[in-house]
file input_39.pdb (PDB, C-alpha atoms and all ligand atoms)
ATOM      1  CA  MET L 106       0.591 -30.530 -27.286  1.00  0.00           C
ATOM      2  CA  LEU L 107      -0.181 -33.902 -28.797  1.00  0.00           C
ATOM      3  CA  ILE L 108      -1.879 -33.337 -32.172  1.00  0.00           C
ATOM      4  CA  THR L 109      -3.859 -36.320 -33.366  1.00  0.00           C
ATOM      5  CA  ASP L 110      -7.021 -37.418 -35.170  1.00  0.00           C
ATOM      6  CA  VAL L 111      -9.867 -38.681 -32.990  1.00  0.00           C
ATOM      7  CA  GLN L 112     -13.153 -40.477 -33.484  1.00  0.00           C
ATOM      8  CA  ILE L 113     -16.159 -38.838 -31.836  1.00  0.00           C
ATOM      9  CA  LYS L 114     -19.677 -40.230 -31.522  1.00  0.00           C
ATOM     10  CA  PHE L 115     -21.794 -37.174 -32.353  1.00  0.00           C
ATOM     11  CA  SER L 116     -25.579 -37.301 -32.426  1.00  0.00           C
ATOM     12  CA  GLU L 117     -25.479 -37.957 -36.193  1.00  0.00           C
ATOM     13  CA  GLY L 118     -23.008 -40.825 -35.763  1.00  0.00           C
ATOM     14  CA  LEU L 119     -19.261 -41.382 -35.688  1.00  0.00           C
ATOM     15  CA  VAL L 120     -17.138 -38.571 -37.116  1.00  0.00           C
ATOM     16  CA  ASN L 121     -13.358 -38.416 -37.544  1.00  0.00           C
ATOM     17  CA  ILE L 122     -12.009 -35.104 -36.279  1.00  0.00           C
ATOM     18  CA  LYS L 123      -8.591 -34.155 -37.587  1.00  0.00           C
ATOM     19  CA  HIS L 124      -5.734 -32.384 -35.823  1.00  0.00           C
ATOM     20  CA  VAL L 125      -7.118 -32.190 -32.288  1.00  0.00           C
ATOM     21  CA  SER L 126      -4.613 -30.579 -29.903  1.00  0.00           C
ATOM     22  CA  ILE L 127      -4.457 -32.434 -26.580  1.00  0.00           C
ATOM     23  CA  PRO L 128      -2.503 -31.068 -23.603  1.00  0.00           C
ATOM     24  CA  GLU L 129       0.269 -33.377 -22.421  1.00  0.00           C
ATOM     25  CA  ARG L 130       0.006 -32.834 -18.676  1.00  0.00           C
ATOM     26  CA  CYS L 131      -1.636 -35.552 -16.604  1.00  0.00           C
ATOM     27  CA  PRO L 132      -4.172 -34.058 -14.132  1.00  0.00           C
ATOM     28  CA  HIS L 133      -3.523 -36.939 -11.727  1.00  0.00           C
ATOM     29  CA  CYS L 134       0.273 -37.249 -11.476  1.00  0.00           C
ATOM     30  CA  GLY L 135       1.097 -33.818 -12.959  1.00  0.00           C
ATOM     31  CA  LYS L 136       3.755 -35.258 -15.302  1.00  0.00           C
ATOM     32  CA  ASN L 137       4.124 -34.476 -18.995  1.00  0.00           C
ATOM     33  CA  MET L 138       3.446 -37.323 -21.407  1.00  0.00           C
ATOM     34  CA  SER L 139       1.512 -38.075 -24.599  1.00  0.00           C
ATOM     35  CA  PRO L 140      -1.725 -39.674 -23.340  1.00  0.00           C
ATOM     36  CA  ARG L 141      -3.447 -42.704 -24.838  1.00  0.00           C
ATOM     37  CA  VAL L 142      -6.432 -41.326 -26.742  1.00  0.00           C
ATOM     38  CA  TYR L 143      -9.651 -43.335 -26.756  1.00  0.00           C
ATOM     39  CA  SER L 144     -12.833 -42.239 -28.497  1.00  0.00           C
ATOM     40  CA  GLY L 145     -15.014 -39.341 -27.516  1.00  0.00           C
ATOM     41  CA  PHE L 146     -18.648 -38.405 -27.195  1.00  0.00           C
ATOM     42  CA  SER L 147     -20.965 -35.489 -27.782  1.00  0.00           C
ATOM     43  CA  ASN L 148     -24.723 -34.961 -27.725  1.00  0.00           C
ATOM     44  CA  HIS L 149     -24.294 -32.270 -30.439  1.00  0.00           C
ATOM     45  CA  LYS L 150     -24.022 -32.518 -34.223  1.00  0.00           C
ATOM     46  CA  ASN L 151     -20.630 -31.905 -35.754  1.00  0.00           C
ATOM     47  CA  GLY L 152     -22.068 -30.707 -39.087  1.00  0.00           C
ATOM     48  CA  TYR L 153     -23.542 -27.258 -39.148  1.00  0.00           C
ATOM     49  CA  SER L 154     -25.553 -25.326 -41.686  1.00  0.00           C
ATOM     50  CA  LYS L 155     -28.071 -22.534 -41.597  1.00  0.00           C
ATOM     51  CA  ASN L 156     -30.793 -25.075 -42.474  1.00  0.00           C
ATOM     52  CA  ASN L 157     -30.340 -27.651 -39.756  1.00  0.00           C
ATOM     53  CA  GLY L 158     -31.869 -25.601 -37.002  1.00  0.00           C
ATOM     54  CA  TYR L 159     -28.778 -24.765 -34.969  1.00  0.00           C
ATOM     55  CA  PRO L 160     -28.533 -21.251 -33.588  1.00  0.00           C
ATOM     56  CA  GLU L 161     -25.513 -19.139 -34.561  1.00  0.00           C
ATOM     57  CA  SER L 162     -23.898 -19.846 -31.179  1.00  0.00           C
ATOM     58  CA  GLY L 163     -22.171 -22.928 -32.558  1.00  0.00           C
ATOM     59  CA  THR L 164     -19.176 -22.328 -30.303  1.00  0.00           C
ATOM     60  CA  LYS L 165     -21.175 -23.857 -27.472  1.00  0.00           C
ATOM     61  CA  ARG L 166     -20.822 -27.282 -29.079  1.00  0.00           C
ATOM     62  CA  VAL L 167     -18.520 -29.538 -27.134  1.00  0.00           C
ATOM     63  CA  PHE L 168     -17.189 -33.077 -27.085  1.00  0.00           C
ATOM     64  CA  CYS L 169     -15.218 -35.016 -24.544  1.00  0.00           C
ATOM     65  CA  LEU L 170     -12.390 -37.448 -25.086  1.00  0.00           C
ATOM     66  CA  VAL L 171     -11.417 -40.331 -22.843  1.00  0.00           C
ATOM     67  CA  LEU L 172      -7.665 -40.094 -22.193  1.00  0.00           C
ATOM     68  CA  GLN L 173      -5.222 -42.191 -20.192  1.00  0.00           C
ATOM     69  CA  CYS L 174      -1.881 -41.185 -18.726  1.00  0.00           C
ATOM     70  CA  VAL L 175       0.862 -43.539 -19.978  1.00  0.00           C
ATOM     71  CA  LEU L 176       2.884 -42.968 -16.788  1.00  0.00           C
ATOM     72  CA  CYS L 177       0.384 -43.475 -13.948  1.00  0.00           C
ATOM     73  CA  ASN L 178      -2.278 -45.258 -16.067  1.00  0.00           C
ATOM     74  CA  SER L 179      -5.087 -43.072 -14.662  1.00  0.00           C
ATOM     75  CA  PHE L 180      -7.992 -42.192 -16.916  1.00  0.00           C
ATOM     76  CA  TYR L 181      -9.320 -38.681 -17.341  1.00  0.00           C
ATOM     77  CA  ILE L 182     -11.688 -36.724 -19.566  1.00  0.00           C
ATOM     78  CA  GLY L 183     -10.591 -33.918 -21.891  1.00  0.00           C
ATOM     79  CA  ASN L 184     -13.234 -31.337 -22.845  1.00  0.00           C
ATOM     80  CA  PHE L 185     -13.163 -29.584 -26.237  1.00  0.00           C
ATOM     81  CA  LYS L 186     -15.232 -26.738 -27.669  1.00  0.00           C
ATOM     82  CA  ALA L 187     -15.841 -25.763 -31.311  1.00  0.00           C
ATOM     83  CA  ASN L 188     -13.940 -22.568 -32.053  1.00  0.00           C
ATOM     84  CA  LYS L 189     -13.355 -22.440 -35.842  1.00  0.00           C
ATOM     85  CA  PHE L 190     -15.692 -22.973 -38.808  1.00  0.00           C
ATOM     86  CA  ASP L 191     -15.357 -23.044 -42.581  1.00  0.00           C
ATOM     87  CA  SER L 192     -17.570 -21.017 -44.958  1.00  0.00           C
ATOM     88  CA  GLU L 193     -20.200 -23.790 -44.867  1.00  0.00           C
ATOM     89  CA  GLY L 194     -20.409 -23.591 -41.095  1.00  0.00           C
ATOM     90  CA  ILE L 195     -18.682 -26.952 -40.629  1.00  0.00           C
ATOM     91  CA  ILE L 196     -16.507 -27.026 -37.537  1.00  0.00           C
ATOM     92  CA  THR L 197     -12.833 -27.066 -38.515  1.00  0.00           C
ATOM     93  CA  ASN L 198     -11.291 -26.875 -35.060  1.00  0.00           C
ATOM     94  CA  TYR L 199     -12.061 -27.704 -31.469  1.00  0.00           C
ATOM     95  CA  GLY L 200     -10.093 -25.975 -28.689  1.00  0.00           C
ATOM     96  CA  TYR L 201      -9.297 -27.582 -25.355  1.00  0.00           C
ATOM     97  CA  ILE L 202     -11.273 -26.343 -22.334  1.00  0.00           C
ATOM     98  CA  ASP L 203      -9.293 -26.195 -19.105  1.00  0.00           C
ATOM     99  CA  VAL L 204     -11.572 -27.542 -16.391  1.00  0.00           C
ATOM    100  CA  SER L 205     -11.084 -28.235 -12.717  1.00  0.00           C
ATOM    101  CA  TYR L 206     -12.979 -30.837 -10.779  1.00  0.00           C
ATOM    102  CA  ILE L 207     -12.830 -28.613  -7.686  1.00  0.00           C
ATOM    103  CA  PRO L 208     -16.221 -26.875  -7.494  1.00  0.00           C
ATOM    104  CA  PRO L 209     -16.132 -23.076  -7.195  1.00  0.00           C
ATOM    105  CA  ILE L 210     -15.640 -21.874  -3.642  1.00  0.00           C
ATOM    106  CA  SER L 211     -18.317 -19.615  -2.220  1.00  0.00           C
ATOM    107  CA  ASN L 212     -18.135 -17.882   1.137  1.00  0.00           C
ATOM    108  CA  ASP L 213     -20.587 -16.201   3.511  1.00  0.00           C
ATOM    109  CA  ILE L 214     -18.602 -12.977   3.843  1.00  0.00           C
ATOM    110  CA  PRO L 215     -20.666  -9.820   3.107  1.00  0.00           C
ATOM    111  CA  GLU L 216     -19.516  -8.097  -0.081  1.00  0.00           C
ATOM    112  CA  ASN L 217     -18.768  -4.717   1.480  1.00  0.00           C
ATOM    113  CA  VAL L 218     -15.982  -6.248   3.610  1.00  0.00           C
ATOM    114  CA  SER L 219     -13.818  -6.477   0.488  1.00  0.00           C
ATOM    115  CA  GLU L 220     -14.277  -2.710   0.056  1.00  0.00           C
ATOM    116  CA  ILE L 221     -12.258  -2.092   3.195  1.00  0.00           C
ATOM    117  CA  SER L 222      -9.974  -5.127   2.886  1.00  0.00           C
ATOM    118  CA  GLU L 223      -9.496  -6.678  -0.534  1.00  0.00           C
ATOM    119  CA  ARG L 224      -6.533  -8.723   0.693  1.00  0.00           C
ATOM    120  CA  PHE L 225      -8.637 -10.277   3.484  1.00  0.00           C
ATOM    121  CA  SER L 226     -11.201 -11.596   0.999  1.00  0.00           C
ATOM    122  CA  GLY L 227      -8.497 -12.997  -1.308  1.00  0.00           C
ATOM    123  CA  ILE L 228      -6.575 -14.749   1.474  1.00  0.00           C
ATOM    124  CA  TYR L 229      -9.774 -16.034   3.096  1.00  0.00           C
ATOM    125  CA  ASN L 230     -10.897 -17.574  -0.207  1.00  0.00           C
ATOM    126  CA  GLN L 231      -7.492 -19.209  -0.688  1.00  0.00           C
ATOM    127  CA  SER L 232      -7.813 -20.702   2.812  1.00  0.00           C
ATOM    128  CA  LEU L 233     -11.191 -22.226   1.914  1.00  0.00           C
ATOM    129  CA  LYS L 234      -9.634 -23.633  -1.252  1.00  0.00           C
ATOM    130  CA  ALA L 235      -6.826 -25.194   0.794  1.00  0.00           C
ATOM    131  CA  LYS L 236      -9.461 -26.900   2.949  1.00  0.00           C
ATOM    132  CA  GLU L 237     -11.251 -28.149  -0.188  1.00  0.00           C
ATOM    133  CA  TYR L 238      -7.953 -29.698  -1.359  1.00  0.00           C
ATOM    134  CA  GLY L 239      -7.581 -31.399   2.037  1.00  0.00           C
ATOM    135  CA  LEU L 240      -4.682 -29.110   3.072  1.00  0.00           C
ATOM    136  CA  THR L 241      -5.951 -28.708   6.629  1.00  0.00           C
ATOM    137  CA  GLU L 242      -2.652 -27.400   8.062  1.00  0.00           C
ATOM    138  CA  ILE L 243      -2.438 -24.649   5.441  1.00  0.00           C
ATOM    139  CA  TYR L 244      -6.147 -23.863   5.971  1.00  0.00           C
ATOM    140  CA  GLY L 245      -5.602 -22.747   9.581  1.00  0.00           C
ATOM    141  CA  MET L 246      -2.484 -20.729   8.703  1.00  0.00           C
ATOM    142  CA  GLY L 247      -4.340 -19.017   5.860  1.00  0.00           C
ATOM    143  CA  LEU L 248      -7.208 -18.124   8.199  1.00  0.00           C
ATOM    144  CA  ARG L 249      -4.694 -16.602  10.635  1.00  0.00           C
ATOM    145  CA  LYS L 250      -3.197 -14.492   7.841  1.00  0.00           C
ATOM    146  CA  SER L 251      -6.648 -13.388   6.623  1.00  0.00           C
ATOM    147  CA  LEU L 252      -7.512 -12.368  10.206  1.00  0.00           C
ATOM    148  CA  GLU L 253      -4.459 -10.085  10.360  1.00  0.00           C
ATOM    149  CA  PHE L 254      -5.553  -8.260   7.188  1.00  0.00           C
ATOM    150  CA  LEU L 255      -9.152  -7.950   8.431  1.00  0.00           C
ATOM    151  CA  VAL L 256      -8.057  -6.534  11.806  1.00  0.00           C
ATOM    152  CA  LYS L 257      -5.479  -4.107  10.399  1.00  0.00           C
ATOM    153  CA  ASP L 258      -7.582  -2.886   7.490  1.00  0.00           C
ATOM    154  CA  PHE L 259     -10.563  -2.379   9.809  1.00  0.00           C
ATOM    155  CA  ALA L 260      -8.365  -0.401  12.237  1.00  0.00           C
ATOM    156  CA  ILE L 261      -7.104   1.686   9.274  1.00  0.00           C
ATOM    157  CA  TYR L 262     -10.702   2.218   8.109  1.00  0.00           C
ATOM    158  CA  LEU L 263     -11.763   3.465  11.580  1.00  0.00           C
ATOM    159  CA  SER L 264      -8.666   5.641  11.815  1.00  0.00           C
ATOM    160  CA  LYS L 265      -9.472   7.272   8.450  1.00  0.00           C
ATOM    161  CA  LEU L 266     -13.002   8.067   9.672  1.00  0.00           C
ATOM    162  CA  ASN L 267     -11.546  10.298  12.383  1.00  0.00           C
ATOM    163  CA  SER L 268      -8.544  11.756  10.575  1.00  0.00           C
ATOM    164  CA  ASP L 269      -6.311  10.893   7.657  1.00  0.00           C
ATOM    165  CA  ASP L 270      -3.287  10.581   9.938  1.00  0.00           C
ATOM    166  CA  SER L 271      -0.772   8.763   7.745  1.00  0.00           C
ATOM    167  CA  ALA L 272       1.644   8.236  10.682  1.00  0.00           C
ATOM    168  CA  LYS L 273      -1.123   6.418  12.620  1.00  0.00           C
ATOM    169  CA  ILE L 274      -1.907   4.273   9.556  1.00  0.00           C
ATOM    170  CA  ASP L 275       1.768   3.392   9.102  1.00  0.00           C
ATOM    171  CA  SER L 276       2.017   2.381  12.752  1.00  0.00           C
ATOM    172  CA  ILE L 277      -1.062   0.097  12.435  1.00  0.00           C
ATOM    173  CA  LYS L 278       0.564  -1.599   9.430  1.00  0.00           C
ATOM    174  CA  ALA L 279       3.844  -2.126  11.331  1.00  0.00           C
ATOM    175  CA  GLN L 280       2.376  -3.289  14.660  1.00  0.00           C
ATOM    176  CA  SER L 281       1.860  -6.904  15.660  1.00  0.00           C
ATOM    177  CA  LEU L 282      -1.676  -8.248  15.495  1.00  0.00           C
ATOM    178  CA  GLY L 283      -1.921  -8.222  19.316  1.00  0.00           C
ATOM    179  CA  GLN L 284      -0.785  -4.580  19.505  1.00  0.00           C
ATOM    180  CA  VAL L 285      -3.340  -3.496  16.896  1.00  0.00           C
ATOM    181  CA  ILE L 286      -6.125  -5.292  18.774  1.00  0.00           C
ATOM    182  CA  SER L 287      -5.194  -3.819  22.169  1.00  0.00           C
ATOM    183  CA  SER L 288      -4.657  -0.245  20.948  1.00  0.00           C
ATOM    184  CA  ASN L 289      -7.695   0.088  18.667  1.00  0.00           C
ATOM    185  CA  PHE L 290     -11.418  -0.739  18.824  1.00  0.00           C
ATOM    186  CA  ARG L 291     -11.887   0.792  22.342  1.00  0.00           C
ATOM    187  CA  GLU L 292     -15.369   1.940  21.347  1.00  0.00           C
ATOM    188  CA  PHE L 293     -16.129  -1.619  20.146  1.00  0.00           C
ATOM    189  CA  SER L 294     -15.484  -3.686  23.264  1.00  0.00           C
ATOM    190  CA  ASN L 295     -17.169  -6.829  21.875  1.00  0.00           C
ATOM    191  CA  PHE L 296     -14.972  -6.645  18.789  1.00  0.00           C
ATOM    192  CA  SER L 297     -11.836  -6.560  20.911  1.00  0.00           C
ATOM    193  CA  LYS L 298     -12.661  -9.828  22.668  1.00  0.00           C
ATOM    194  CA  LEU L 299     -13.642 -11.540  19.422  1.00  0.00           C
ATOM    195  CA  PHE L 300     -10.463 -10.311  17.719  1.00  0.00           C
ATOM    196  CA  GLN L 301      -8.437 -11.389  20.749  1.00  0.00           C
ATOM    197  CA  SER L 302      -9.827 -14.925  20.831  1.00  0.00           C
ATOM    198  CA  ALA L 303      -9.464 -15.278  17.051  1.00  0.00           C
ATOM    199  CA  SER L 304      -5.831 -14.190  17.257  1.00  0.00           C
ATOM    200  CA  TRP L 305      -5.138 -16.752  20.020  1.00  0.00           C
ATOM    201  CA  ILE L 306      -6.609 -19.606  17.962  1.00  0.00           C
ATOM    202  CA  GLY L 307      -4.866 -18.207  14.869  1.00  0.00           C
ATOM    203  CA  ASN L 308      -1.530 -18.321  16.652  1.00  0.00           C
ATOM    204  CA  ASP L 309      -2.209 -21.928  17.655  1.00  0.00           C
ATOM    205  CA  GLU L 310      -2.608 -22.708  13.945  1.00  0.00           C
ATOM    206  CA  THR L 311       0.936 -21.484  13.234  1.00  0.00           C
ATOM    207  CA  HIS L 312       2.857 -22.641  16.333  1.00  0.00           C
ATOM    208  CA  TYR L 313       4.315 -25.964  17.477  1.00  0.00           C
ATOM    209  CA  ILE L 314       2.388 -26.131  20.757  1.00  0.00           C
ATOM    210  CA  ARG L 315      -1.318 -25.303  20.955  1.00  0.00           C
ATOM    211  CA  LYS L 316      -2.290 -23.177  23.944  1.00  0.00           C
ATOM    212  CA  HIS L 317      -5.988 -23.854  23.367  1.00  0.00           C
ATOM    213  CA  PRO L 318      -6.133 -27.461  22.125  1.00  0.00           C
ATOM    214  CA  GLU L 319      -9.917 -27.617  22.590  1.00  0.00           C
ATOM    215  CA  LYS L 320     -10.375 -25.098  19.741  1.00  0.00           C
ATOM    216  CA  ASP L 321      -9.505 -25.744  16.106  1.00  0.00           C
ATOM    217  CA  ALA L 322      -9.407 -24.059  12.690  1.00  0.00           C
ATOM    218  CA  GLU L 323     -13.169 -24.503  12.283  1.00  0.00           C
ATOM    219  CA  PHE L 324     -13.736 -22.430  15.419  1.00  0.00           C
ATOM    220  CA  LEU L 325     -11.355 -19.798  14.013  1.00  0.00           C
ATOM    221  CA  ASN L 326     -13.339 -19.808  10.758  1.00  0.00           C
ATOM    222  CA  SER L 327     -16.582 -19.303  12.710  1.00  0.00           C
ATOM    223  CA  LEU L 328     -15.032 -16.370  14.588  1.00  0.00           C
ATOM    224  CA  ILE L 329     -13.793 -14.787  11.367  1.00  0.00           C
ATOM    225  CA  LYS L 330     -17.289 -15.036   9.854  1.00  0.00           C
ATOM    226  CA  VAL L 331     -18.821 -13.331  12.921  1.00  0.00           C
ATOM    227  CA  LEU L 332     -16.117 -10.640  12.822  1.00  0.00           C
ATOM    228  CA  ALA L 333     -16.562 -10.029   9.107  1.00  0.00           C
ATOM    229  CA  ASN L 334     -20.309  -9.603   9.654  1.00  0.00           C
ATOM    230  CA  ASN L 335     -19.643  -7.151  12.485  1.00  0.00           C
ATOM    231  CA  VAL L 336     -17.199  -5.223  10.284  1.00  0.00           C
ATOM    232  CA  SER L 337     -19.790  -5.161   7.481  1.00  0.00           C
ATOM    233  CA  ASN L 338     -22.488  -3.867   9.862  1.00  0.00           C
ATOM    234  CA  THR L 339     -20.172  -1.172  11.187  1.00  0.00           C
ATOM    235  CA  VAL L 340     -19.349   0.031   7.665  1.00  0.00           C
ATOM    236  CA  ILE L 341     -23.085   0.320   6.873  1.00  0.00           C
ATOM    237  CA  GLU L 342     -23.770   2.087  10.207  1.00  0.00           C
ATOM    238  CA  GLN L 343     -20.972   4.573   9.560  1.00  0.00           C
ATOM    239  CA  GLU L 344     -22.345   5.314   6.082  1.00  0.00           C
ATOM    240  CA  ALA L 345     -25.833   5.930   7.530  1.00  0.00           C
ATOM    241  CA  MET L 346     -24.494   8.193  10.272  1.00  0.00           C
ATOM    242  CA  LYS L 347     -22.444  10.169   7.760  1.00  0.00           C
ATOM    243  CA  LEU L 348     -25.536  10.609   5.598  1.00  0.00           C
ATOM    244  CA  VAL L 349     -27.485  12.073   8.546  1.00  0.00           C
ATOM    245  CA  ASP L 350     -24.568  14.198   9.788  1.00  0.00           C
ATOM    246  CA  ASP L 351     -23.924  15.662   6.320  1.00  0.00           C
ATOM    247  CA  ASN L 352     -27.539  16.787   5.882  1.00  0.00           C
TER     248      ASN L 352
HETATM  249 ZN    ZN L 401      -0.400 -39.504 -14.765  1.00  0.00          ZN
END

call {"tool": "encode", "arguments": {"input": "input_39.pdb", "output": "structure tokens"}}
result
Amino acid sequence: MLITDVQIKFSEGLVNIKHVSIPERCPHCGKNMSPRVYSGFSNHKNGYSKNNGYPESGTKRVFCLVLQCVLCNSFYIGNFKANKFDSEGIITNYGYIDVSYIPPISNDIPENVSEISERFSGIYNQSLKAKEYGLTEIYGMGLRKSLEFLVKDFAIYLSKLNSDDSAKIDSIKAQSLGQVISSNFREFSNFSKLFQSASWIGNDETHYIRKHPEKDAEFLNSLIKVLANNVSNTVIEQEAMKLVDDN
């Protein structure tokens, strides 16, 4: 950490803030260095007292600092938040807020899918993040991996509905994706074809030669979304049927 004094233009004017701790990792080149520190800005007041109308939630007050990497010369903004006060309510310390310029990733996968396959949801989200970072090759491979967890965990879910046969569950885990698809889901013929086509495109995403060059990772993503919706619907249907059967 670089510890230095900085000048911040608060709403009441310029204020010198002492001993601000600034991380020494450049968000552009990733190297460690002591950045050039320019001035900072805030639309808040630095001073605080019970009479000046501020609510008690003073920790929401923030300022930013303009910083520059001394190695790659790129500029960036550091964000700081008030986190310590003296007995008068004057801010005595601002802590650094770690922020990412990548917006949060949201997906269209129904929530109950993660109940039967937590790993699927995690891997699928990582794949979307890879795409957001521009890592298109990793995106397709991640989708293929997420598909395997969705297929196997769904097969395990269906198997548990009929019996808790641990040998059957172990064999599903050990089988290849193709084997699991061909030996399960007989009562869901549409699922089988969707799973099959998704696995073909998924394999293309991980192999040197594409067998289906007209289809790409986006098509695989579309298939996975349809499959996840089908899995979600099946889980709800099974719950409804169990409710009726048990009463
Ligand atoms: Zn840099």

call {"tool": "resolve_selection", "arguments": {"input": "input_39.pdb", "expression": "the PyMOL selection byres (((chain L and resi 228-244) around 9) and not hetatm)", "output": "PyMOL selection string"}}
result
chain L and resi 207-212+223-227+245-252+254+310-311+322

call {"tool": "residues_around", "arguments": {"input": "input_39.pdb", "residues": "L:Cys134", "least_positions_apart": "5", "cutoff": "10 Å", "atoms": "all atoms listed in the file", "output": "MDAnalysis selection string"}}
result
chainID L and resid 174 176:179

call {"tool": "resolve_selection", "arguments": {"input": "input_39.pdb", "expression": "the PyMOL selection byres (((not hetatm)) within 10 of (chain L and resi 401))", "output": "list of chain:residue names"}}
result
L:Glu129, L:Arg130, L:Cys131, L:Pro132, L:His133, L:Cys134, L:Gly135, L:Lys136, L:Asn137, L:Met138, L:Pro140, L:Gln173, L:Cys174, L:Val175, L:Leu176, L:Cys177, L:Asn178, L:Ser179, L:Phe180, L:Tyr181

call {"tool": "resolve_selection", "arguments": {"input": "input_39.pdb", "expression": "the PyMOL selection byres (((chain L and resi 200) around 6) and not hetatm)", "output": "PDB file with C-alpha atoms, keeping the file's coordinate frame"}}
result
ATOM      1  CA  PHE L 185     -13.163 -29.584 -26.237  1.00  0.00           C
ATOM      2  CA  LYS L 186     -15.232 -26.738 -27.669  1.00  0.00           C
ATOM      3  CA  TYR L 199     -12.061 -27.704 -31.469  1.00  0.00           C
ATOM      4  CA  TYR L 201      -9.297 -27.582 -25.355  1.00  0.00           C
TER       5      TYR L 201
END

call {"tool": "residues_around", "arguments": {"input": "input_39.pdb", "residues": "L:Val218", "least_positions_apart": "5", "cutoff": "10 Å", "atoms": "all atoms listed in the file", "output": "short mmCIF file (atom, residue, chain, number, x, y, z; two decimals) with C-alpha atoms, in the frame of the given file"}}
result
data_model
loop_
_atom_site.label_atom_id
_atom_site.label_comp_id
_atom_site.auth_asym_id
_atom_site.auth_seq_id
_atom_site.Cartn_x
_atom_site.Cartn_y
_atom_site.Cartn_z
CA GLU L 223 -9.50 -6.68 -0.53
CA PHE L 225 -8.64 -10.28 3.48
CA SER L 226 -11.20 -11.60 1.00
CA LEU L 255 -9.15 -7.95 8.43
CA ASP L 258 -7.58 -2.89 7.49
CA PHE L 259 -10.56 -2.38 9.81
CA ALA L 333 -16.56 -10.03 9.11
CA ASN L 334 -20.31 -9.60 9.65
CA ASN L 335 -19.64 -7.15 12.48
CA VAL L 336 -17.20 -5.22 10.28
CA SER L 337 -19.79 -5.16 7.48
CA ASN L 338 -22.49 -3.87 9.86
CA VAL L 340 -19.35 0.03 7.66
#

call {"tool": "residues_around", "arguments": {"input": "input_39.pdb", "residues": "L:Tyr262", "least_positions_apart": "6", "cutoff": "12 Å", "atoms": "all atoms listed in the file", "output": "list in words"}}
result
Val218, Ser219, Glu220, Ile221, Ser222, Phe254, Leu255, Val256, Ser268, Asp269, Asp270, Ser271, Lys273, Ile274, Ile277, Lys278, Asn289, Phe290, Val336, Ser337, Thr339, Val340 and Gln343 of chain L

call {"tool": "atom_distance", "arguments": {"input": "input_39.pdb", "atom1": "atom CA of L:Asn151", "atom2": "atom CA of L:Tyr206"}}
result
26.1 Å

call {"tool": "residues_around", "arguments": {"input": "input_39.pdb", "residues": "L:Ile182", "least_positions_apart": "3", "cutoff": "6 Å", "atoms": "only C-alpha atoms", "output": "list in words"}}
result
Leu170, Val171 and Leu172 of chain L

call {"tool": "atom_distance", "arguments": {"input": "input_39.pdb", "atom1": "atom CA of L:Met106", "atom2": "atom CA of L:Pro128"}}
result
4.8 Å

call {"tool": "atom_distance", "arguments": {"input": "input_39.pdb", "atom1": "atom CA of L:Ala279", "atom2": "atom CA of L:Arg315"}}
result
25.6 Å

call {"tool": "residues_around", "arguments": {"input": "input_39.pdb", "residues": "L:Lys123", "least_positions_apart": "2", "cutoff": "7 Å", "atoms": "only C-alpha atoms", "output": "list of chain:residue names"}}
result
L:Thr109, L:Asp110, L:Val111, L:Asn121, L:Val125

call {"tool": "axis_aligned_box", "arguments": {"input": "input_39.pdb", "around": "stretch 112-119 of chain L", "padding_each_side": "3 Å", "output": "lines of an AutoDock Vina configuration file"}}
result
center_x = -19.4
center_y = -39.3
center_z = -33.9
size_x = 18.4
size_y = 10.2
size_z = 10.7

call {"tool": "closest_residue", "arguments": {"input": "input_39.pdb", "among": "L:Lys330, L:His312, L:Lys189, L:His124", "to": "L:Leu299", "atoms": "all atoms listed in the file"}}
result
L:Lys330

call {"tool": "closest_residue", "arguments": {"input": "input_39.pdb", "among": "L:Arg141, L:Ile127, L:Val349, L:Phe168", "to": "L:Ile113", "atoms": "all atoms listed in the file"}}
result
L:Phe168

call {"tool": "residues_near_point", "arguments": {"input": "input_39.pdb", "point": "(-5.0, 1.5, 19.9)", "cutoff": "12 Å", "atoms": "all atoms listed in the file", "output": "ChimeraX atom specification"}}
result
/L:256-257,260-261,263-264,273-274,276-277,280-293,297
